[in-house]
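start-v6.cif follows (mmCIF, C-alpha atoms):
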```
data_query
loop_
_atom_site.label_atom_id
_atom_site.label_comp_id
_atom_site.auth_asym_id
_atom_site.auth_seq_id
_atom_site.Cartn_x
_atom_site.Cartn_y
_atom_site.Cartn_z
CA MET A 133 80.61 119.59 96.12
CA ALA A 134 79.58 117.66 93.01
CA ASP A 135 78.24 114.16 93.61
CA THR A 136 78.94 113.05 90.04
CA ALA A 137 81.90 112.95 87.69
CA ILE A 138 81.69 113.53 83.94
CA LEU A 139 83.23 111.15 81.43
CA GLU A 140 83.52 112.34 77.83
CA PHE A 141 83.67 109.68 75.14
CA GLU A 142 82.92 109.87 71.41
CA GLY A 143 81.30 113.24 71.78
CA LYS A 144 79.00 112.18 74.60
CA LYS A 145 79.13 113.11 78.26
CA ILE A 146 78.23 110.46 80.82
CA GLU A 147 77.61 111.19 84.48
CA LEU A 148 79.17 108.76 86.96
CA PRO A 149 77.84 108.92 90.55
CA ILE A 150 80.37 109.49 93.33
CA VAL A 151 79.97 107.26 96.39
CA THR A 152 81.39 108.57 99.68
CA GLY A 153 82.39 106.23 102.47
CA SER A 154 82.00 106.89 106.19
CA GLU A 155 85.66 107.93 106.48
CA GLY A 156 85.41 110.30 103.53
CA GLU A 157 86.98 108.12 100.85
CA LYS A 158 85.35 108.56 97.44
CA ALA A 159 84.66 106.14 94.61
CA LEU A 160 83.24 106.39 91.11
CA ASP A 161 80.22 104.14 90.63
CA ILE A 162 80.85 102.58 87.23
CA SER A 163 78.21 99.87 87.50
CA LYS A 164 76.39 101.28 84.43
CA LEU A 165 79.48 102.28 82.49
CA ARG A 166 79.37 99.44 79.98
CA ALA A 167 75.64 99.68 79.48
CA ASN A 168 75.87 103.42 78.73
CA THR A 169 79.13 103.54 76.78
CA GLY A 170 80.23 100.03 75.80
CA LEU A 171 83.42 100.65 77.79
CA ILE A 172 84.87 98.62 80.64
CA THR A 173 87.71 99.56 82.97
CA LEU A 174 91.09 97.81 82.89
CA ASP A 175 92.75 97.61 86.31
CA SER A 176 95.39 94.91 86.68
CA GLY A 177 95.50 93.64 90.26
CA TYR A 178 92.34 95.66 91.05
CA MET A 179 94.53 98.36 92.60
CA ASN A 180 91.92 101.05 91.91
CA THR A 181 88.75 98.99 91.94
CA GLY A 182 86.30 98.73 94.80
CA ALA A 183 84.45 95.44 94.53
CA CYS A 184 82.04 96.04 97.39
CA LYS A 185 80.82 98.30 100.16
CA SER A 186 81.85 97.00 103.58
CA SER A 187 81.39 98.13 107.18
CA ILE A 188 83.91 95.69 108.69
CA THR A 189 87.46 97.03 108.46
CA PHE A 190 88.84 100.50 107.78
CA LEU A 191 92.39 100.71 106.53
CA ASN A 192 94.24 103.92 105.69
CA GLY A 193 97.64 102.98 104.34
CA GLU A 194 98.92 106.54 104.06
CA GLU A 195 98.30 107.29 107.74
CA GLY A 196 98.92 103.80 109.14
CA ILE A 197 95.37 103.30 110.45
CA LEU A 198 93.67 99.93 110.98
CA ARG A 199 90.29 99.63 112.70
CA TYR A 200 87.91 96.72 113.13
CA ARG A 201 84.29 97.94 113.18
CA GLY A 202 85.63 101.37 114.16
CA TYR A 203 87.86 100.18 117.02
CA PRO A 204 91.59 101.00 116.65
CA ILE A 205 93.74 97.90 116.37
CA ASP A 206 96.00 98.98 119.23
CA GLU A 207 93.01 99.21 121.63
CA LEU A 208 91.81 95.74 120.66
CA ALA A 209 95.33 94.34 120.94
CA GLU A 210 95.68 95.77 124.45
CA LYS A 211 92.21 95.14 125.87
CA SER A 212 90.45 92.43 123.87
CA THR A 213 90.91 88.71 123.19
CA PHE A 214 90.91 86.89 119.89
CA LEU A 215 87.48 85.33 120.46
CA GLU A 216 85.97 88.66 121.50
CA THR A 217 87.51 90.30 118.43
CA ALA A 218 86.12 87.48 116.29
CA TYR A 219 82.65 88.17 117.68
CA LEU A 220 83.08 91.88 116.95
CA LEU A 221 84.09 91.26 113.34
CA ILE A 222 81.36 88.73 112.61
CA PHE A 223 78.40 90.30 114.45
CA GLY A 224 79.34 93.99 114.27
CA GLU A 225 79.48 94.94 117.96
CA LEU A 226 81.48 94.02 121.03
CA PRO A 227 79.53 91.33 122.92
CA THR A 228 77.86 91.71 126.28
CA SER A 229 79.06 89.29 128.94
CA GLU A 230 76.09 87.02 128.19
CA GLN A 231 76.68 87.11 124.43
CA TYR A 232 80.37 86.40 124.87
CA ALA A 233 79.73 83.51 127.25
CA ASP A 234 77.31 81.96 124.76
CA PHE A 235 79.72 82.48 121.83
CA LYS A 236 82.64 81.02 123.75
CA GLU A 237 80.58 78.07 124.97
CA ASN A 238 79.42 77.19 121.46
CA ILE A 239 82.95 77.30 120.10
CA THR A 240 84.30 75.28 123.03
CA ARG A 241 81.72 72.54 122.46
CA HIS A 242 82.65 72.13 118.79
CA THR A 243 86.44 71.68 119.06
CA MET A 244 86.52 67.93 118.32
CA ILE A 245 86.39 66.58 114.79
CA HIS A 246 84.53 63.44 113.76
CA GLU A 247 86.48 60.23 114.33
CA ASP A 248 86.03 59.31 110.67
CA MET A 249 87.67 62.59 109.77
CA ARG A 250 90.67 61.81 112.00
CA ARG A 251 91.39 58.91 109.66
CA PHE A 252 91.35 61.36 106.77
CA PHE A 253 94.84 62.47 107.82
CA ASP A 254 96.21 58.99 107.17
CA GLY A 255 95.86 59.58 103.44
CA PHE A 256 98.39 62.41 103.35
CA PRO A 257 102.14 61.86 102.97
CA LYS A 258 104.18 62.74 106.03
CA ASP A 259 105.68 65.79 104.34
CA ALA A 260 102.36 67.20 103.10
CA HIS A 261 102.26 70.97 103.45
CA PRO A 262 99.94 72.02 106.31
CA MET A 263 98.10 74.46 104.03
CA ALA A 264 97.21 71.64 101.64
CA ILE A 265 95.85 69.67 104.58
CA LEU A 266 93.97 72.68 105.97
CA SER A 267 92.30 73.52 102.68
CA SER A 268 91.37 69.89 102.04
CA ALA A 269 90.15 69.29 105.58
CA ILE A 270 87.92 72.37 105.59
CA SER A 271 86.32 71.15 102.35
CA VAL A 272 85.87 67.72 103.93
CA LEU A 273 84.08 69.32 106.90
CA SER A 274 81.27 70.21 104.53
CA THR A 275 80.62 66.51 103.92
CA PHE A 276 80.03 65.93 107.64
CA TYR A 277 77.63 68.88 107.98
CA GLN A 278 75.58 68.79 104.81
CA ASP A 279 72.53 70.18 106.59
CA THR A 280 74.22 73.58 107.07
CA HIS A 281 75.15 74.46 103.48
CA ASP A 282 72.40 76.99 102.74
CA PRO A 283 74.02 80.47 102.93
CA GLN A 284 70.58 82.05 103.39
CA ASP A 285 69.73 79.95 106.45
CA GLU A 286 70.93 82.13 109.36
CA GLU A 287 70.88 79.35 111.94
CA ALA A 288 72.79 76.98 109.66
CA VAL A 289 75.38 79.67 108.99
CA ARG A 290 75.73 80.41 112.71
CA ILE A 291 76.42 76.74 113.49
CA SER A 292 78.93 76.60 110.64
CA ILE A 293 80.69 79.64 112.11
CA TYR A 294 81.02 77.94 115.49
CA ARG A 295 82.31 74.76 113.87
CA LEU A 296 84.89 76.49 111.71
CA ILE A 297 86.37 78.68 114.45
CA ALA A 298 86.37 75.75 116.88
CA LYS A 299 87.80 73.09 114.61
CA ILE A 300 90.46 74.92 112.61
CA PRO A 301 93.01 74.87 115.49
CA THR A 302 92.35 71.14 115.92
CA ILE A 303 92.87 70.49 112.21
CA ALA A 304 96.05 72.61 112.13
CA ALA A 305 97.48 70.84 115.20
CA TYR A 306 96.67 67.43 113.70
CA ALA A 307 98.48 68.44 110.49
CA PHE A 308 101.56 69.24 112.59
CA LYS A 309 101.35 66.00 114.58
CA LYS A 310 101.02 64.06 111.34
CA SER A 311 104.22 65.65 110.01
CA ILE A 312 106.31 64.57 113.01
CA GLY A 313 104.75 61.16 113.55
CA HIS A 314 103.20 61.95 116.93
CA PRO A 315 99.76 60.78 118.08
CA PHE A 316 96.92 63.26 117.78
CA VAL A 317 95.94 65.06 120.99
CA TYR A 318 92.27 65.63 121.66
CA PRO A 319 91.16 69.18 122.49
CA ASP A 320 90.95 70.06 126.17
CA ASN A 321 87.84 72.18 126.65
CA SER A 322 89.01 73.37 130.06
CA LEU A 323 91.64 75.49 128.30
CA ARG A 324 91.26 78.82 126.56
CA TYR A 325 91.36 79.03 122.77
CA CYS A 326 95.09 79.64 122.25
CA SER A 327 96.15 77.50 125.21
CA ASN A 328 94.09 74.63 123.82
CA PHE A 329 95.83 74.98 120.47
CA LEU A 330 99.31 74.95 122.04
CA HIS A 331 98.29 71.93 124.12
CA MET A 332 97.22 70.03 120.97
CA MET A 333 100.43 71.07 119.21
CA PHE A 334 103.03 70.25 121.84
CA SER A 335 101.68 67.86 124.46
CA VAL A 336 102.34 64.12 124.26
CA PRO A 337 100.66 61.24 126.13
CA THR A 338 103.85 60.31 127.98
CA GLU A 339 104.30 63.47 130.03
CA LYS A 340 102.44 66.44 131.43
CA TYR A 341 102.47 69.65 129.41
CA GLU A 342 101.78 73.04 130.96
CA VAL A 343 100.86 75.85 128.60
CA ASP A 344 102.94 78.96 129.26
CA PRO A 345 100.52 81.91 129.63
CA VAL A 346 103.06 84.32 128.08
CA LEU A 347 103.19 82.23 124.92
CA ALA A 348 99.40 81.86 124.83
CA LYS A 349 98.98 85.62 125.24
CA ALA A 350 101.47 86.35 122.45
CA LEU A 351 99.67 83.93 120.14
CA ASP A 352 96.32 85.52 121.01
CA LEU A 353 97.76 88.92 120.07
CA LEU A 354 99.05 87.64 116.74
CA LEU A 355 95.65 86.21 115.89
CA ILE A 356 93.96 89.53 116.70
CA LEU A 357 96.38 91.45 114.49
CA HIS A 358 95.77 89.07 111.59
CA ALA A 359 91.99 88.81 112.02
CA ASP A 360 91.02 90.99 109.05
CA HIS A 361 92.67 93.27 106.55
CA GLU A 362 89.98 94.53 104.22
CA GLN A 363 89.80 93.31 100.58
CA ASN A 364 93.09 91.44 100.25
CA CYS A 365 93.69 88.50 97.91
CA SER A 366 92.29 85.73 100.13
CA THR A 367 89.31 87.80 101.30
CA SER A 368 88.44 88.77 97.74
CA THR A 369 88.79 85.12 96.72
CA MET A 370 86.40 84.04 99.46
CA ARG A 371 83.92 86.72 98.44
CA ILE A 372 83.96 85.84 94.75
CA VAL A 373 83.60 82.11 95.47
CA GLY A 374 80.82 82.84 97.95
CA SER A 375 79.04 85.02 95.40
CA SER A 376 78.17 81.80 93.55
CA GLN A 377 76.28 80.77 96.73
CA ALA A 378 79.03 78.30 97.61
CA ASN A 379 78.69 77.25 101.26
CA LEU A 380 80.86 78.68 104.03
CA PHE A 381 83.15 75.63 104.18
CA ALA A 382 83.87 75.67 100.44
CA SER A 383 84.38 79.44 100.43
CA THR A 384 86.79 79.21 103.37
CA ALA A 385 88.79 76.49 101.63
CA SER A 386 89.23 78.84 98.67
CA GLY A 387 90.48 81.60 100.96
CA ILE A 388 93.03 79.21 102.47
CA SER A 389 94.31 78.30 99.01
CA ALA A 390 94.75 81.99 98.14
CA LEU A 391 96.53 82.66 101.44
CA TRP A 392 98.92 79.79 100.72
CA GLY A 393 100.57 81.83 97.95
CA PRO A 394 104.02 83.13 98.95
CA LEU A 395 103.12 86.67 97.87
CA HIS A 396 100.24 86.71 100.37
CA GLY A 397 100.43 84.53 103.45
CA GLY A 398 104.01 83.39 103.14
CA ALA A 399 105.65 86.70 103.95
CA ASN A 400 106.62 85.89 107.56
CA GLN A 401 108.16 82.62 106.38
CA ALA A 402 110.23 84.63 103.90
CA VAL A 403 111.52 86.78 106.79
CA ILE A 404 112.83 83.75 108.68
CA GLU A 405 114.42 82.35 105.52
CA MET A 406 116.12 85.70 104.89
CA LEU A 407 117.44 85.91 108.45
CA ARG A 408 118.74 82.33 108.25
CA ARG A 409 120.51 83.12 104.99
CA ILE A 410 122.21 86.14 106.55
CA LYS A 411 123.25 84.04 109.55
CA ASP A 412 124.51 81.16 107.41
CA GLU A 413 126.56 83.53 105.25
CA GLY A 414 128.41 84.98 108.22
CA GLY A 415 125.92 87.41 109.74
CA ASP A 416 127.21 90.52 107.93
CA VAL A 417 124.04 92.61 107.95
CA SER A 418 125.60 95.60 106.18
CA LYS A 419 126.45 93.37 103.20
CA PHE A 420 122.80 92.46 102.74
CA ILE A 421 121.62 96.02 103.34
CA ASN A 422 123.88 97.13 100.49
CA MET A 423 122.59 94.30 98.32
CA ALA A 424 119.01 95.44 98.99
CA LYS A 425 119.92 98.94 97.78
CA ASP A 426 121.73 97.66 94.70
CA LYS A 427 119.38 97.72 91.70
CA SER A 428 121.45 95.05 89.96
CA SER A 429 120.92 92.63 92.87
CA ASN A 430 117.82 90.45 93.12
CA PHE A 431 118.00 90.46 96.95
CA ARG A 432 115.12 92.17 98.77
CA LEU A 433 114.58 92.74 102.47
CA SER A 434 111.59 90.67 103.54
CA GLY A 435 109.33 92.16 106.21
CA PHE A 436 109.77 95.80 105.23
CA GLY A 437 107.25 97.92 103.42
CA HIS A 438 103.69 96.98 102.58
CA ARG A 439 101.50 97.13 99.50
CA VAL A 440 98.90 99.16 101.38
CA TYR A 441 100.72 100.85 104.28
CA LYS A 442 102.85 103.66 102.87
CA ASN A 443 104.29 104.97 106.15
CA PHE A 444 104.21 102.30 108.86
CA ASP A 445 102.29 99.16 109.69
CA PRO A 446 100.35 99.90 112.92
CA ARG A 447 100.56 96.22 113.89
CA ALA A 448 104.36 96.05 113.78
CA LYS A 449 105.11 97.91 117.03
CA LEU A 450 102.57 95.77 118.89
CA ILE A 451 104.23 92.58 117.69
CA LYS A 452 107.71 93.87 118.52
CA LYS A 453 106.77 94.12 122.22
CA ALA A 454 105.26 90.62 122.17
CA CYS A 455 108.41 89.30 120.52
CA ASP A 456 110.56 90.71 123.33
CA ASP A 457 108.23 89.18 125.96
CA VAL A 458 108.29 85.73 124.36
CA LEU A 459 112.06 85.60 123.99
CA GLU A 460 112.57 86.83 127.54
CA LYS A 461 110.15 84.20 128.86
CA THR A 462 111.61 81.32 126.88
CA GLY A 463 115.12 82.46 127.70
CA LYS A 464 116.21 81.47 124.25
CA SER A 465 119.25 83.11 122.73
CA ASN A 466 118.11 83.78 119.22
CA PRO A 467 120.75 84.94 116.75
CA LEU A 468 118.00 85.56 114.21
CA LEU A 469 116.45 88.18 116.49
CA ASP A 470 119.83 89.85 116.90
CA ILE A 471 120.12 90.06 113.13
CA ALA A 472 116.53 91.30 112.85
CA GLU A 473 117.12 94.06 115.39
CA GLU A 474 120.32 95.13 113.63
CA ILE A 475 118.50 95.29 110.31
CA GLU A 476 115.67 97.29 111.85
CA GLU A 477 118.05 99.79 113.46
CA ILE A 478 119.90 100.39 110.20
CA VAL A 479 116.83 100.57 107.98
CA LEU A 480 114.99 103.06 110.20
CA LYS A 481 117.92 105.48 109.94
CA ASP A 482 119.08 104.88 106.37
CA SER A 483 117.80 107.59 104.01
CA TYR A 484 117.40 105.05 101.17
CA PHE A 485 114.74 103.14 103.11
CA VAL A 486 113.26 106.15 104.92
CA GLU A 487 112.62 108.01 101.66
CA ARG A 488 110.93 104.93 100.23
CA LYS A 489 108.95 104.46 103.45
CA LEU A 490 110.17 100.90 103.91
CA TYR A 491 109.24 100.40 107.57
CA PRO A 492 108.94 97.05 109.41
CA ASN A 493 105.61 95.36 108.77
CA VAL A 494 103.60 92.78 110.71
CA ASP A 495 105.56 89.88 109.22
CA PHE A 496 108.97 91.06 110.36
CA TYR A 497 108.69 89.87 113.97
CA SER A 498 105.77 87.43 113.81
CA GLY A 499 107.91 84.66 112.35
CA ILE A 500 110.41 85.02 115.19
CA ILE A 501 107.60 84.71 117.73
CA TYR A 502 106.29 81.57 116.05
CA SER A 503 109.79 80.10 115.99
CA ALA A 504 110.32 80.87 119.68
CA ILE A 505 107.02 79.19 120.53
CA GLY A 506 108.17 76.11 118.64
CA ILE A 507 105.96 76.37 115.57
CA PRO A 508 107.83 75.18 112.43
CA VAL A 509 108.26 77.48 109.46
CA ASN A 510 105.91 75.53 107.21
CA MET A 511 103.14 76.11 109.79
CA PHE A 512 103.43 79.91 109.74
CA THR A 513 100.83 80.38 107.02
CA GLY A 514 98.55 77.98 108.85
CA MET A 515 98.76 80.24 111.89
CA PHE A 516 97.86 83.17 109.66
CA THR A 517 94.81 81.14 108.53
CA ILE A 518 93.57 80.62 112.09
CA GLY A 519 93.83 84.34 112.74
CA ARG A 520 92.25 85.45 109.46
CA LEU A 521 89.26 83.08 109.68
CA PRO A 522 86.94 85.48 111.60
CA GLY A 523 87.59 88.21 109.03
CA TRP A 524 86.81 85.88 106.16
CA ILE A 525 83.60 84.80 107.88
CA ALA A 526 82.60 88.40 108.55
CA GLN A 527 83.21 89.37 104.93
CA TRP A 528 81.31 86.32 103.63
CA THR A 529 78.28 86.86 105.88
CA GLU A 530 78.18 90.59 105.07
CA MET A 531 78.17 89.78 101.37
CA MET A 532 75.41 87.18 101.75
CA LYS A 533 73.17 89.79 103.40
CA ASP A 534 73.76 92.34 100.64
CA PRO A 535 70.53 92.71 98.61
CA THR A 536 72.56 93.89 95.60
CA LEU A 537 74.78 90.77 95.56
CA LYS A 538 75.64 89.46 92.11
CA ILE A 539 77.87 86.57 91.16
CA GLY A 540 81.42 87.78 90.62
CA ARG A 541 82.25 87.93 86.94
CA PRO A 542 85.10 90.28 85.91
CA ARG A 543 85.43 91.42 82.30
CA GLN A 544 88.53 91.30 80.14
CA VAL A 545 90.15 93.09 77.20
CA TYR A 546 90.71 90.40 74.57
CA THR A 547 94.14 90.55 72.89
CA GLY A 548 94.14 87.25 70.97
CA GLU A 549 93.75 86.35 67.32
CA ASN A 550 90.88 87.69 65.24
CA GLU A 551 88.49 85.20 63.64
CA ARG A 552 90.21 82.47 61.66
CA HIS A 553 89.12 79.13 60.24
CA TYR A 554 90.07 75.55 60.90
CA VAL A 555 92.74 74.06 58.65
CA SER A 556 93.03 70.28 58.40
CA MET A 557 96.18 68.76 59.87
CA GLY A 558 97.68 67.79 56.53
CA GLU A 559 97.54 71.39 55.30
CA ARG A 560 99.14 73.07 58.32
#
```
Go ahead and express the file in the form of structure tokens.
Amino acid sequence: MADTAILEFEGKKIELPIVTGSEGEKALDISKLRANTGLITLDSGYMNTGACKSSITFLNGEEGILRYRGYPIDELAEKSTFLETAYLLIFGELPTSEQYADFKENITRHTMIHEDMRRFFDGFPKDAHPMAILSSAISVLSTFYQDTHDPQDEEAVRISIYRLIAKIPTIAAYAFKKSIGHPFVYPDNSLRYCSNFLHMMFSVPTEKYEVDPVLAKALDLLLILHADHEQNCSTSTMRIVGSSQANLFASTASGISALWGPLHGGANQAVIEMLRRIKDEGGDVSKFINMAKDKSSNFRLSGFGHRVYKNFDPRAKLIKKACDDVLEKTGKSNPLLDIAEEIEEIVLKDSYFVERKLYPNVDFYSGIIYSAIGIPVNMFTGMFTIGRLPGWIAQWTEMMKDPTLKIGRPRQVYTGENERHYVSMGER
């Protein structure tokens, strides 16, 4: 099989090398295209452009496959923990018991934030969006740890990794406490990662709070399922910012800002808002199903279909089971879940949606789980951030070790005015 492709342009033939990935996917190497032809490629949204080689996450949207470092997502969801999965993503292999104990210990010992930084939250208005606080606070972390900015210093990077993974739940919980006027709760290092987060979110000084293990387990699962997803918008943002040699804190803050966008990290919030609208307008699911199929309507079903997955989202069925467990444990009657289940049942049988392969995705049930746990809607994207952090770190560190790394600098096709000359104001 040929390992090059031929491009013909202006009577010349140019050979373009074909690069083959470990799962058989093929790419044209166009790195010398402009130098040899003067041409660039135009690819809005980078739908057909590979910006890097990566050994972290394999995603096959046509077959519904998601693997971290070769491990199927369903195996990790069943057998692993979020911190173990984080170690796998960042360092490339599942840890030994000694490696995991050391990793966990280092994260546990970095959960507190500096007391001066606690006062940083006083400067935000009460209704500040948690993502604005998260992005700002992560940038501020860099001012407290200025000795760990060098992306080529492996020990400095390792300490920054511990600090980020340890402190982001604390920062997120403080953002929530700020919004409701409650006192901040210090981390409790006797608790596991997700239990500690729930403790900081929901405990108050006036009474004892016991973390429900079912809720902590469901949250751990959600974080695993969100931990990485290949070269999405926020990951690509973090990579391109990091390519300038920006430190890990600054690069992470950029990823958070990208994730904040409603077309990226806000999808599970959109699901809850859709379900609430259906409930508030009488709960007639069939009415909204028909609206979704009507081309003249601007209504769309949130939580169905995916830009990458063309058959089914392998994470969705795992979350569905967790959703059932959480609602059973909390004993909450949730009309939104009833509406969600009715929508799912109809959509999976309706030829309109089946032919278009609009299956439930990871966002469809995750918002309901967060709501059942007690996490407010405006915190959903913040939860996504906590889960995605290990993937961002893994992608950033992989890029920094790439000997071929160049600063990101896309080209453009200029469509503006041709050369023209300045005219004084009186003559315009």
Expand the PyMOL selection byres ((chain A and resi 369-373) around 12) into the explicit residue set it covers here, and present it as JSON, numbers by chain. {"A": [183, 184, 186, 362, 363, 364, 365, 366, 367, 368, 374, 375, 376, 377, 378, 379, 380, 381, 382, 383, 384, 385, 386, 387, 388, 389, 390, 391, 520, 521, 523, 524, 525, 526, 527, 528, 529, 530, 531, 532, 534, 537, 538, 539, 540, 541, 542]}
Please evaluate the PyMOL selection byres ((chain A and resi 496-509) around 10) against the displayed coordinates and give the resulting residues as a PyMOL selection string. chain A and resi 308+330+333-334+344+346-348+350-351+354+398-405+407+433-437+448-459+461-466+468-469+472-473+476+491-495+510-516
Name the residues that the PyMOL selection byres ((chain A and resi 441) around 8) pulls out of this structure, and write them as a PyMOL selection string. chain A and resi 192-196+437-440+442-445
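Here atom CA of A:Pro337 and atom CA of A:Asp352 stand 25.2 Å from one another.
Of note, atom CA of A:Gln284 and atom CA of A:Lys533 are spaced 8.2 Å apart.
Distance check against A:Ile471 using all atoms listed in the file: of A:Tyr325, A:Phe223, A:Phe420, A:Tyr232, the minimum falls on A:Phe420.
Atom to atom, atom CA of A:Leu220 and atom CA of A:Arg199 stand 11.4 Å apart.
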Of the candidates A:Leu323, A:Leu355, A:Leu266, A:Val272, which one gets nearest to A:Lys236 if we count only C-alpha atoms? A:Leu323
Who sits within 12 Å of A:Glu140, all atoms listed in the file, same chain under 5 positions skipped, as a ChimeraX atom specification: /A:145-148,165,168-169,171
Determine, counting all atoms listed in the file, every residue of protein, DNA or RNA that lies within 10 Å of (84.7, 73.0, 115.2) in the file coordinates, then give the result as a short mmCIF file (atom, residue, chain, number, x, y, z; two decimals) with C-alpha atoms, in the coordinates of the input.
```cif
data_model
loop_
_atom_site.label_atom_id
_atom_site.label_comp_id
_atom_site.auth_asym_id
_atom_site.auth_seq_id
_atom_site.Cartn_x
_atom_site.Cartn_y
_atom_site.Cartn_z
CA ASN A 238 79.42 77.19 121.46
CA ILE A 239 82.95 77.30 120.10
CA THR A 240 84.30 75.28 123.03
CA ARG A 241 81.72 72.54 122.46
CA HIS A 242 82.65 72.13 118.79
CA THR A 243 86.44 71.68 119.06
CA MET A 244 86.52 67.93 118.32
CA ILE A 245 86.39 66.58 114.79
CA HIS A 246 84.53 63.44 113.76
CA LEU A 273 84.08 69.32 106.90
CA ILE A 291 76.42 76.74 113.49
CA SER A 292 78.93 76.60 110.64
CA ILE A 293 80.69 79.64 112.11
CA TYR A 294 81.02 77.94 115.49
CA ARG A 295 82.31 74.76 113.87
CA LEU A 296 84.89 76.49 111.71
CA ILE A 297 86.37 78.68 114.45
CA ALA A 298 86.37 75.75 116.88
CA LYS A 299 87.80 73.09 114.61
CA ILE A 300 90.46 74.92 112.61
CA PRO A 301 93.01 74.87 115.49
CA THR A 302 92.35 71.14 115.92
CA ILE A 303 92.87 70.49 112.21
#
```
Taking the point (102.2, 63.8, 118.6) as given in the file, collect each protein or nucleic acid residue that comes within 6 Å of it, counting all atoms listed in the file, and present the set as a ChimeraX atom specification. /A:309,314-316,336
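The nearest approach to A:Thr152 among the residues A:Thr217, A:Ala167, A:Thr136, A:Asn430, with all atoms listed in the file taken into account, belongs to A:Thr136.
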Mind dumping stretch 531-542 of chain A from that block, keeping N, CA, C and O atoms, as a short mmCIF file (atom, residue, chain, number, x, y, z; two decimals), in the first residue's frame?
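Result file follows (out.cif):
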```cif
data_model
loop_
_atom_site.label_atom_id
_atom_site.label_comp_id
_atom_site.auth_asym_id
_atom_site.auth_seq_id
_atom_site.Cartn_x
_atom_site.Cartn_y
_atom_site.Cartn_z
N MET A 531 2.67 17.26 25.03
CA MET A 531 3.11 18.26 24.07
C MET A 531 4.47 18.84 24.44
O MET A 531 5.35 19.02 23.57
N MET A 532 4.67 19.11 25.74
CA MET A 532 5.92 19.72 26.17
C MET A 532 7.12 18.79 25.96
O MET A 532 8.26 19.25 25.82
N LYS A 533 6.87 17.48 25.91
CA LYS A 533 7.95 16.52 25.69
C LYS A 533 8.18 16.21 24.21
O LYS A 533 9.08 15.46 23.87
N ASP A 534 7.37 16.80 23.36
CA ASP A 534 7.47 16.54 21.92
C ASP A 534 8.63 17.34 21.34
O ASP A 534 8.61 18.57 21.36
N PRO A 535 9.66 16.67 20.81
CA PRO A 535 10.82 17.40 20.27
C PRO A 535 10.48 18.22 19.03
O PRO A 535 11.27 19.10 18.65
N THR A 536 9.35 17.95 18.40
CA THR A 536 8.96 18.69 17.20
C THR A 536 8.02 19.86 17.52
O THR A 536 7.48 20.50 16.61
N LEU A 537 7.83 20.16 18.81
CA LEU A 537 6.87 21.19 19.21
C LEU A 537 7.21 22.55 18.60
O LEU A 537 8.35 23.00 18.66
N LYS A 538 6.19 23.17 18.02
CA LYS A 538 6.30 24.53 17.53
C LYS A 538 5.13 25.33 18.09
O LYS A 538 4.08 24.77 18.38
N ILE A 539 5.33 26.64 18.22
CA ILE A 539 4.24 27.47 18.72
C ILE A 539 3.07 27.41 17.73
O ILE A 539 3.27 27.45 16.51
N GLY A 540 1.87 27.26 18.26
CA GLY A 540 0.70 27.19 17.40
C GLY A 540 0.47 28.51 16.66
O GLY A 540 0.47 29.58 17.27
N ARG A 541 0.30 28.40 15.35
CA ARG A 541 0.13 29.62 14.56
C ARG A 541 -0.62 29.26 13.27
O ARG A 541 -0.01 29.09 12.21
N PRO A 542 -1.97 29.13 13.34
CA PRO A 542 -2.72 28.79 12.13
C PRO A 542 -2.60 29.87 11.07
O PRO A 542 -2.33 31.03 11.36
#
```
